[in-house]
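One file, my_file-v6.txt, is given below (compact mmCIF, C-alpha atoms).
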```
# COMPACT_ATOMS: atom_id res chain seq x y z
CA MET A 1 0.00 0.00 0.00
CA ASN A 2 1.49 3.35 -0.96
CA ALA A 3 1.22 6.41 1.26
CA HIS A 4 -1.50 8.03 -0.85
CA THR A 5 -3.67 4.94 -0.59
CA ALA A 6 -3.10 4.58 3.14
CA LEU A 7 -3.82 8.23 3.78
CA SER A 8 -7.11 8.10 1.87
CA VAL A 9 -8.40 4.66 2.77
CA SER A 10 -9.53 5.78 6.23
CA HIS A 11 -12.28 7.87 4.64
CA GLU A 12 -13.76 4.75 3.03
CA LEU A 13 -13.88 2.50 6.09
CA SER A 14 -17.12 1.44 7.73
CA THR A 15 -17.56 1.81 11.49
CA ASP A 16 -16.71 -1.85 12.07
CA GLU A 17 -13.65 -1.77 9.84
CA ALA A 18 -12.39 1.40 11.53
CA ALA A 19 -11.61 -0.73 14.58
CA SER A 20 -8.54 -1.87 12.64
CA MET A 21 -7.50 1.02 10.42
CA PRO A 22 -4.48 0.52 8.12
CA LEU A 23 -1.83 3.21 8.51
CA PRO A 24 1.02 4.26 6.25
CA THR A 25 4.46 3.05 7.22
CA PRO A 26 6.90 5.69 8.48
CA LEU A 27 8.76 5.48 5.16
CA GLU A 28 5.56 5.99 3.15
CA LEU A 29 4.65 9.07 5.15
CA GLN A 30 8.19 10.44 4.84
CA ARG A 31 7.88 10.09 1.08
CA GLU A 32 4.46 11.76 1.12
CA VAL A 33 5.78 14.64 3.25
CA PRO A 34 9.53 14.66 2.54
CA LEU A 35 12.27 16.51 4.37
CA SER A 36 14.60 18.11 1.83
CA ALA A 37 18.36 17.95 2.18
CA MET A 38 18.39 21.62 3.11
CA LEU A 39 15.81 21.14 5.86
CA HIS A 40 17.61 18.04 7.11
CA GLU A 41 20.75 20.13 7.53
CA ARG A 42 18.70 22.82 9.28
CA VAL A 43 17.34 20.34 11.83
CA GLU A 44 20.87 19.07 12.46
CA ALA A 45 22.06 22.66 12.99
CA GLN A 46 19.18 23.31 15.40
CA ARG A 47 20.05 20.21 17.39
CA HIS A 48 23.66 21.37 17.51
CA GLU A 49 22.59 24.76 18.89
CA ILE A 50 20.65 23.05 21.68
CA ARG A 51 23.60 20.76 22.40
CA ASP A 52 25.84 23.82 22.75
CA ILE A 53 23.46 25.28 25.34
CA LEU A 54 23.29 22.03 27.29
CA GLU A 55 27.06 21.65 27.26
CA GLY A 56 27.72 25.24 28.28
CA ARG A 57 29.31 26.52 25.07
CA ASP A 58 26.32 28.80 24.43
CA ASP A 59 25.01 30.85 27.37
CA ARG A 60 21.63 31.64 25.80
CA LEU A 61 18.44 30.54 27.54
CA LEU A 62 16.59 27.71 25.80
CA VAL A 63 12.87 28.53 25.61
CA VAL A 64 10.35 25.86 24.60
CA VAL A 65 7.19 27.83 23.95
CA GLY A 66 3.87 27.32 22.21
CA PRO A 67 0.37 25.89 22.59
CA CYS A 68 -0.32 23.26 25.21
CA SER A 69 -1.41 21.08 22.28
CA ILE A 70 -2.07 21.61 18.57
CA HIS A 71 -5.66 21.22 17.41
CA ASP A 72 -5.79 23.72 14.51
CA PRO A 73 -2.85 23.66 12.07
CA VAL A 74 -3.89 27.02 10.59
CA ALA A 75 -3.73 28.77 13.97
CA ALA A 76 -0.53 26.90 14.76
CA MET A 77 1.11 28.27 11.61
CA GLU A 78 0.01 31.80 12.43
CA TYR A 79 1.53 31.38 15.88
CA ALA A 80 4.72 29.95 14.32
CA GLN A 81 5.04 32.92 11.96
CA ARG A 82 4.77 35.32 14.88
CA LEU A 83 7.25 33.29 16.92
CA ALA A 84 9.76 33.13 14.06
CA LYS A 85 9.83 36.93 13.86
CA LEU A 86 10.26 37.21 17.62
CA ALA A 87 13.00 34.56 17.57
CA ASP A 88 15.05 36.73 15.21
CA ARG A 89 14.71 39.72 17.54
CA VAL A 90 15.78 37.90 20.72
CA ARG A 91 18.21 35.37 19.26
CA ASP A 92 21.26 36.95 20.93
CA ARG A 93 20.02 35.88 24.39
CA LEU A 94 17.26 33.32 23.76
CA LEU A 95 16.91 30.25 21.57
CA LEU A 96 13.20 29.83 20.89
CA VAL A 97 11.87 26.35 20.13
CA MET A 98 8.19 25.91 19.28
CA ARG A 99 6.02 23.41 21.13
CA VAL A 100 4.26 21.33 18.48
CA TYR A 101 2.53 18.81 20.71
CA VAL A 102 0.38 16.47 18.63
CA GLU A 103 -0.21 13.91 21.38
CA LYS A 104 -2.01 14.71 24.61
CA PRO A 105 -1.56 12.47 27.67
CA ARG A 106 -4.82 11.90 29.54
CA THR A 107 -5.31 11.14 33.21
CA THR A 108 -8.40 9.09 32.31
CA VAL A 109 -10.06 9.76 28.93
CA GLY A 110 -10.43 12.68 26.53
CA TRP A 111 -9.17 14.10 23.24
CA LYS A 112 -5.77 12.55 22.55
CA GLY A 113 -4.34 15.10 20.15
CA LEU A 114 -3.99 16.04 16.50
CA ALA A 115 -2.17 12.83 15.55
CA TYR A 116 -5.06 10.73 16.86
CA ASP A 117 -8.21 12.75 16.22
CA PRO A 118 -7.61 15.67 13.84
CA GLY A 119 -11.34 16.17 13.27
CA LEU A 120 -11.93 16.72 17.01
CA ASP A 121 -14.96 14.50 16.58
CA GLY A 122 -13.94 11.13 17.97
CA GLN A 123 -13.49 9.58 14.51
CA SER A 124 -9.80 8.85 15.23
CA ASP A 125 -8.62 9.40 11.66
CA MET A 126 -4.98 8.67 12.47
CA CYS A 127 -3.97 8.50 8.80
CA ARG A 128 -4.91 12.13 8.38
CA GLY A 129 -3.64 13.01 11.85
CA LEU A 130 -0.16 11.66 11.16
CA GLU A 131 0.01 13.43 7.82
CA LEU A 132 -1.16 16.76 9.30
CA SER A 133 1.28 16.44 12.19
CA ARG A 134 4.28 15.74 9.97
CA ARG A 135 3.32 18.41 7.42
CA LEU A 136 2.84 21.03 10.13
CA MET A 137 6.20 20.25 11.72
CA ARG A 138 7.93 20.42 8.35
CA ASP A 139 6.29 23.77 7.57
CA ILE A 140 7.45 25.17 10.91
CA VAL A 141 11.01 23.98 10.27
CA GLU A 142 10.82 25.77 6.92
CA LEU A 143 10.14 28.99 8.85
CA GLY A 144 13.46 28.48 10.63
CA LEU A 145 12.03 27.45 14.00
CA PRO A 146 13.23 24.35 15.85
CA VAL A 147 10.38 21.96 16.70
CA ALA A 148 9.70 20.35 20.07
CA THR A 149 7.14 17.72 20.97
CA GLU A 150 6.30 15.22 23.68
CA LEU A 151 6.60 11.64 22.48
CA LEU A 152 3.87 9.70 24.21
CA GLN A 153 3.33 6.66 21.95
CA PRO A 154 6.74 5.19 20.97
CA MET A 155 5.33 3.87 17.67
CA ILE A 156 4.72 7.47 16.50
CA ALA A 157 8.38 8.43 16.87
CA PRO A 158 9.63 7.12 13.48
CA TYR A 159 6.94 9.16 11.70
CA LEU A 160 8.24 12.44 13.15
CA ASP A 161 11.66 12.14 14.77
CA ASP A 162 13.68 13.42 11.79
CA LEU A 163 11.95 16.81 12.30
CA LEU A 164 12.52 17.18 16.03
CA ALA A 165 15.16 19.31 17.70
CA TRP A 166 13.96 18.73 21.28
CA VAL A 167 11.74 16.09 22.86
CA ALA A 168 9.90 15.91 26.18
CA ILE A 169 9.17 12.73 28.06
CA GLY A 170 6.25 13.58 30.29
CA ALA A 171 5.70 13.23 34.01
CA ARG A 172 3.53 10.14 33.54
CA THR A 173 6.01 8.34 31.25
CA THR A 174 9.46 9.32 32.57
CA GLU A 175 9.45 6.13 34.65
CA SER A 176 8.56 3.98 31.63
CA GLN A 177 11.28 1.67 30.35
CA LEU A 178 9.87 1.97 26.82
CA HIS A 179 10.34 5.74 26.83
CA ARG A 180 13.82 5.53 28.28
CA GLU A 181 14.78 3.11 25.52
CA LEU A 182 13.16 5.41 22.96
CA ALA A 183 15.13 8.40 24.28
CA SER A 184 18.38 6.44 24.08
CA GLY A 185 18.04 6.26 20.30
CA LEU A 186 16.89 9.80 19.54
CA LYS A 187 19.23 12.30 17.89
CA SER A 188 17.52 15.23 19.60
CA ALA A 189 17.95 16.49 23.15
CA VAL A 190 15.46 15.00 25.60
CA GLY A 191 13.96 16.59 28.71
CA PHE A 192 12.64 14.21 31.37
CA LYS A 193 10.01 15.70 33.67
CA ASN A 194 9.85 14.96 37.37
CA ALA A 195 6.91 12.80 38.43
CA THR A 196 3.48 14.31 39.10
CA ASN A 197 4.07 13.81 42.83
CA GLY A 198 7.21 15.93 42.55
CA ASP A 199 9.69 13.02 42.74
CA LEU A 200 12.90 13.96 40.95
CA GLN A 201 14.64 10.60 41.20
CA VAL A 202 12.60 9.04 38.38
CA ALA A 203 13.94 11.71 36.00
CA LEU A 204 17.52 11.09 37.15
CA ASP A 205 17.07 7.34 36.68
CA ALA A 206 15.67 8.02 33.21
CA MET A 207 18.69 10.12 32.27
CA GLN A 208 21.06 7.39 33.38
CA SER A 209 19.10 4.75 31.49
CA ALA A 210 18.84 6.82 28.30
CA ALA A 211 22.58 7.48 28.30
CA HIS A 212 23.29 3.77 27.82
CA PRO A 213 22.91 1.64 24.68
CA HIS A 214 19.79 -0.53 24.48
CA GLN A 215 18.37 -3.29 22.35
CA HIS A 216 14.61 -2.99 22.16
CA PHE A 217 11.53 -3.76 20.12
CA ALA A 218 10.64 -1.05 17.60
CA ILE A 219 8.92 -0.41 14.29
CA GLY A 220 11.22 0.03 11.31
CA ALA A 221 10.77 2.61 8.55
CA ASP A 222 9.14 -0.07 6.39
CA GLY A 223 6.59 -0.85 9.10
CA ARG A 224 8.14 -4.17 10.08
CA PRO A 225 8.90 -4.95 13.73
CA VAL A 226 12.64 -4.79 14.38
CA MET A 227 15.14 -5.20 17.17
CA LYS A 228 16.67 -1.75 17.43
CA GLN A 229 20.18 -1.15 18.73
CA THR A 230 20.64 2.32 20.23
CA ASN A 231 23.89 4.10 21.08
CA GLY A 232 22.63 5.99 24.12
CA ASN A 233 21.76 9.66 24.36
CA ASP A 234 23.90 11.98 26.48
CA MET A 235 21.82 15.04 25.55
CA THR A 236 19.25 14.68 28.33
CA HIS A 237 18.22 16.94 31.18
CA VAL A 238 15.64 17.41 33.91
CA VAL A 239 12.44 19.42 33.47
CA LEU A 240 11.09 20.67 36.80
CA ARG A 241 7.28 20.96 36.59
CA GLY A 242 6.31 21.00 40.25
CA GLY A 243 4.27 18.31 41.95
CA HIS A 244 1.45 17.57 44.34
CA GLY A 245 3.40 19.26 47.10
CA GLY A 246 3.73 22.50 45.18
CA PRO A 247 6.21 24.27 42.88
CA ASN A 248 9.88 23.35 42.57
CA TYR A 249 11.38 26.29 40.68
CA ASP A 250 12.48 28.44 43.63
CA ALA A 251 16.15 28.81 44.57
CA ASP A 252 15.95 26.23 47.39
CA SER A 253 14.34 23.67 45.07
CA ILE A 254 16.94 24.36 42.38
CA ALA A 255 19.72 23.89 44.93
CA ALA A 256 18.21 20.58 46.07
CA ALA A 257 17.87 19.41 42.47
CA ARG A 258 21.47 20.38 41.72
CA LYS A 259 22.65 18.39 44.76
CA ALA A 260 20.68 15.30 43.72
CA ILE A 261 21.88 15.48 40.11
CA THR A 262 25.50 15.89 41.19
CA ALA A 263 25.19 12.96 43.59
CA GLY A 264 23.97 10.86 40.69
CA GLY A 265 27.06 11.71 38.66
CA LEU A 266 25.01 13.48 35.98
CA ALA A 267 25.51 16.79 34.18
CA VAL A 268 23.59 19.52 36.01
CA ARG A 269 21.13 20.84 33.44
CA LEU A 270 17.76 22.13 34.58
CA MET A 271 14.78 23.40 32.63
CA VAL A 272 11.83 24.91 34.50
CA ASP A 273 8.32 24.27 33.22
CA CYS A 274 6.58 27.54 34.05
CA SER A 275 3.17 25.88 33.77
CA HIS A 276 1.51 22.88 35.46
CA ALA A 277 2.13 22.57 39.21
CA ASN A 278 4.77 25.31 39.15
CA ALA A 279 2.01 27.75 38.17
CA ARG A 280 -0.46 26.05 40.52
CA LYS A 281 -2.56 25.30 37.44
CA ASP A 282 -3.10 29.03 36.81
CA HIS A 283 -1.69 29.96 33.41
CA ARG A 284 -1.37 33.61 34.43
CA ARG A 285 1.22 32.67 37.05
CA GLN A 286 3.65 31.47 34.39
CA SER A 287 5.02 35.02 34.29
CA GLU A 288 5.87 34.82 38.03
CA VAL A 289 7.78 31.60 37.46
CA LEU A 290 9.70 32.98 34.50
CA LEU A 291 10.67 36.14 36.38
CA ASP A 292 11.95 34.06 39.29
CA VAL A 293 14.06 31.93 36.93
CA LEU A 294 15.44 35.07 35.30
CA ALA A 295 16.42 36.43 38.71
CA GLN A 296 18.30 33.21 39.44
CA ARG A 297 20.04 33.39 36.08
CA GLU A 298 21.04 36.96 36.85
CA THR A 299 22.89 35.72 39.93
CA GLY A 300 25.02 33.57 37.62
CA ASP A 301 23.22 30.21 37.88
CA ARG A 302 24.08 28.55 34.56
CA ALA A 303 22.58 25.23 35.63
CA LEU A 304 19.23 26.75 34.61
CA ILE A 305 19.53 26.13 30.90
CA GLY A 306 15.92 26.63 29.87
CA VAL A 307 12.26 27.30 30.50
CA MET A 308 8.98 26.07 29.06
CA LEU A 309 5.88 28.23 28.51
CA GLU A 310 2.37 27.30 27.39
CA SER A 311 1.27 30.06 25.04
CA HIS A 312 -1.22 30.57 22.22
CA ILE A 313 -2.54 33.41 20.08
CA HIS A 314 -5.27 34.16 22.61
CA GLU A 315 -5.31 33.63 26.37
CA GLY A 316 -7.14 30.89 28.25
CA LYS A 317 -8.79 27.66 27.13
CA GLN A 318 -12.12 26.49 25.77
CA SER A 319 -14.29 23.42 25.81
CA LEU A 320 -13.89 21.09 22.87
CA THR A 321 -17.12 21.83 21.01
CA PRO A 322 -16.71 21.17 17.26
CA GLY A 323 -18.16 23.94 15.12
CA LYS A 324 -18.07 26.44 17.98
CA LEU A 325 -14.36 26.79 18.61
CA ARG A 326 -12.74 30.19 19.03
CA TYR A 327 -9.69 30.68 16.82
CA GLY A 328 -6.29 30.52 18.48
CA VAL A 329 -7.52 29.38 21.91
CA SER A 330 -6.29 26.17 23.56
CA VAL A 331 -8.63 23.20 23.92
CA THR A 332 -6.45 21.58 26.60
CA ASP A 333 -4.48 23.50 29.26
CA ALA A 334 -5.02 27.26 29.50
CA CYS A 335 -2.29 29.33 27.85
CA ILE A 336 -1.03 32.88 28.08
CA GLY A 337 -1.84 34.99 25.01
CA TRP A 338 0.55 36.24 22.34
CA GLU A 339 0.88 39.79 23.69
CA THR A 340 1.95 38.47 27.11
CA THR A 341 4.30 35.97 25.48
CA GLU A 342 5.98 38.61 23.35
CA HIS A 343 6.33 40.95 26.33
CA LEU A 344 7.82 38.26 28.61
CA LEU A 345 10.32 36.98 26.08
CA THR A 346 11.40 40.47 25.03
CA LEU A 347 11.87 41.32 28.71
CA ALA A 348 13.83 38.10 29.27
CA ALA A 349 16.19 38.93 26.41
CA GLU A 350 16.72 42.46 27.69
CA ARG A 351 17.45 41.32 31.26
CA LEU A 352 19.80 38.55 30.19
CA ALA A 353 21.66 40.95 27.92
CA ARG A 354 22.74 42.83 31.05
CA VAL A 355 24.15 39.76 32.80
```

For the file at hand, write its structure as structure tokens.
Amino acid sequence: MNAHTALSVSHELSTDEAASMPLPTPLELQREVPLSAMLHERVEAQRHEIRDILEGRDDRLLVVVGPCSIHDPVAAMEYAQRLAKLADRVRDRLLLVMRVYVEKPRTTVGWKGLAYDPGLDGQSDMCRGLELSRRLMRDIVELGLPVATELLQPMIAPYLDDLLAWVAIGARTTESQLHRELASGLKSAVGFKNATNGDLQVALDAMQSAAHPHQHFAIGADGRPVMKQTNGNDMTHVVLRGGHGGPNYDADSIAAARKAITAGGLAVRLMVDCSHANARKDHRRQSEVLLDVLAQRETGDRALIGVMLESHIHEGKQSLTPGKLRYGVSVTDACIGWETTEHLLTLAAERLARV
């Protein structure tokens, strides 16, 4: 089955047949939505820039910023165009990477993301979702922006990983052996979040595991199951996102994290997620978190290599009601709006320029 057939066949399936929907292989989708040699080199250069920040050769702040999740590719591209212009203005002090999250982890049930349900209607047209996800990421790379995503389902990785400059492994999956093995074979930097209860050790264990070679079950580019040999990934770091006990971005929490990372014999690299428990689930408090991190950076703390912000064109969130959605507003976690985002990142660049 070629990619065109696989991408269109989902529209012809009956309800019963849709329980087992054929998908394109990673190779078929890559041929349908190819990455040119020029864009391949661009992704490699973007990964190298992030590596330089993690290894201390570049003292810019890494900023992973964008919508909590992508549900509207048109709005996502408008956001990307705005972000690309801002990235040029602040590039001396900040390296902006766009969140292009096409999978959404769920505590119980709910909309799983663009890759799974692009119609937002429960039809689960994954053929179209995978194509839209890859095409959107490629278009954003063409703008010059590095792309970040959270890899939730390991089988999705080969459809998208050639486009990714930075990857998150989420709080619910950092402890997963499958995700640690996946991270060990990625060419991009990987941020492991602390657990939802605030436990940091699971992220440190994940970093140690991902740094080592692994042999694990995977899906090859041709869609066949394979035994994959990985080389290990030394470009990993911790993402502090707070926990049930409260935030963990303050100076005392950073000092405790640094002590634990050093004791584990790992490189001290910390990114602060300004959202989630660090913002006490109030998107407006992301600015407080960012300003605190900037103050710590201004004291000379280079262990703080990055921050993460949830941001969209317009502030807040909305219920997922097909046909009644407001343009540029998140359907998952609430986000800060573009004006606030632009102000905060411009301010960050100005403050860091004085350090």

Would you kindly return, as a PyMOL selection string, each protein, DNA or RNA residue with an atom no farther than 10 Å from any atom of Pro118 of chain A, considering only C-alpha atoms and excluding same-chain residues fewer than 4 positions away? chain A and resi 70-73+102+111-114+122-133

Within 10 Å of Thr174 of chain A, counting all atoms listed in the file, which residues qualify if same-chain residues fewer than 2 places away don't, as a PyMOL selection string? chain A and resi 168-172+176-180+191-195+202-207

Exercise: residues within 7 Å of coordinate (14.1, 19.9, 21.5), counting all atoms listed in the file, as a list in words: Val97, Val147, Ala148, Leu164, Ala165, Trp166, Val167, Ser188, Ala189 and Val190 of chain A

Using all atoms listed in the file, list the residues that have an atom at most 10 Å from (15.2, -5.6, 13.8), coordinates as in the file, as a list in words. Gln215, His216, Phe217, Ala218, Ile219, Gly220, Arg224, Pro225, Val226, Met227, Lys228 and Gln229 of chain A

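Among the candidates A:Ala251, A:Leu96, A:Ile261, A:Ala256, the residue lying nearest to Asp292 of chain A is A:Ala251 (atoms considered: all atoms listed in the file).
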
Contact residues around segment 336-353 of chain A with all atoms listed in the file at 10 Å, ignoring same-chain residues under 6 positions, as JSON, numbers by chain: {"A": [59, 60, 61, 63, 65, 66, 67, 79, 82, 83, 86, 87, 89, 90, 91, 92, 93, 94, 95, 96, 275, 282, 283, 284, 285, 286, 287, 290, 291, 293, 294, 295, 297, 298, 309, 310, 311, 312, 313, 314, 315, 316, 317, 328, 329, 330]}

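Minimum distance to His244 of chain A across A:Ala277, A:Val331, A:Ala84, A:Ala210 (counting all atoms listed in the file) occurs at A:Ala277.
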
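Residue nearest Gly243 of chain A within the list A:Leu120, A:Val74, A:Val33, A:Ala279: A:Ala279 [criterion: smallest interatomic distance, all atoms listed in the file].
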
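Counting all atoms listed in the file, the residue from A:Gln296, A:Asn231, A:Thr173, A:Ser319 that sits nearest to Leu152 of chain A is A:Thr173.
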
In Å to one decimal, how far is atom CA of Gly198 of chain A from atom CA of Asp161 of chain A? 28.4 Å

Contact check, segment 130-237 of chain A to segment 35-55 of chain A, at most 10 Å, counting all atoms listed in the file, closest pairs as a Markdown table:
```
| residue | atom | partner | partner_atom | distance |
| --- | --- | --- | --- | --- |
| A:Arg134 | CA | A:Leu35 | CA | 9.8 |
| A:Arg135 | CA | A:Leu35 | CA | 9.6 |
| A:Arg138 | CA | A:Leu35 | CA | 7.1 |
| A:Asp139 | CA | A:Leu35 | CA | 9.9 |
| A:Val141 | CA | A:Leu39 | CA | 7.1 |
| A:Glu142 | CA | A:Leu39 | CA | 6.9 |
| A:Gly144 | CA | A:Arg42 | CA | 7.8 |
| A:Leu145 | CA | A:Gln46 | CA | 8.4 |
| A:Pro146 | CA | A:Gln46 | CA | 6.1 |
| A:Val147 | CA | A:Val43 | CA | 8.6 |
| A:Asp162 | CA | A:His40 | CA | 7.7 |
| A:Leu163 | CA | A:Val43 | CA | 6.5 |
| A:Leu164 | CA | A:Val43 | CA | 7.1 |
| A:Ala165 | CA | A:Arg47 | CA | 5.0 |
| A:Trp166 | CA | A:Arg47 | CA | 7.4 |
| A:Lys187 | CA | A:Arg47 | CA | 8.0 |
| A:Ser188 | CA | A:Arg47 | CA | 6.0 |
| A:Ala189 | CA | A:Arg51 | CA | 7.1 |
| A:Asp234 | CA | A:Arg51 | CA | 9.7 |
| A:Met235 | CA | A:Arg51 | CA | 6.8 |
| A:Thr236 | CA | A:Leu54 | CA | 8.5 |
| A:His237 | CA | A:Leu54 | CA | 8.2 |
```

Between A:Gly323, A:Gly264, A:Pro247, A:Pro213, which one has atoms that come closest to Val289 of chain A, using only C-alpha atoms? A:Pro247

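Note that atom CA of Cys335 of chain A and atom CA of Gly242 of chain A are 17.2 Å apart.
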
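The space between atom CA of Ile140 of chain A and atom CA of Glu78 of chain A spans 10.1 Å.
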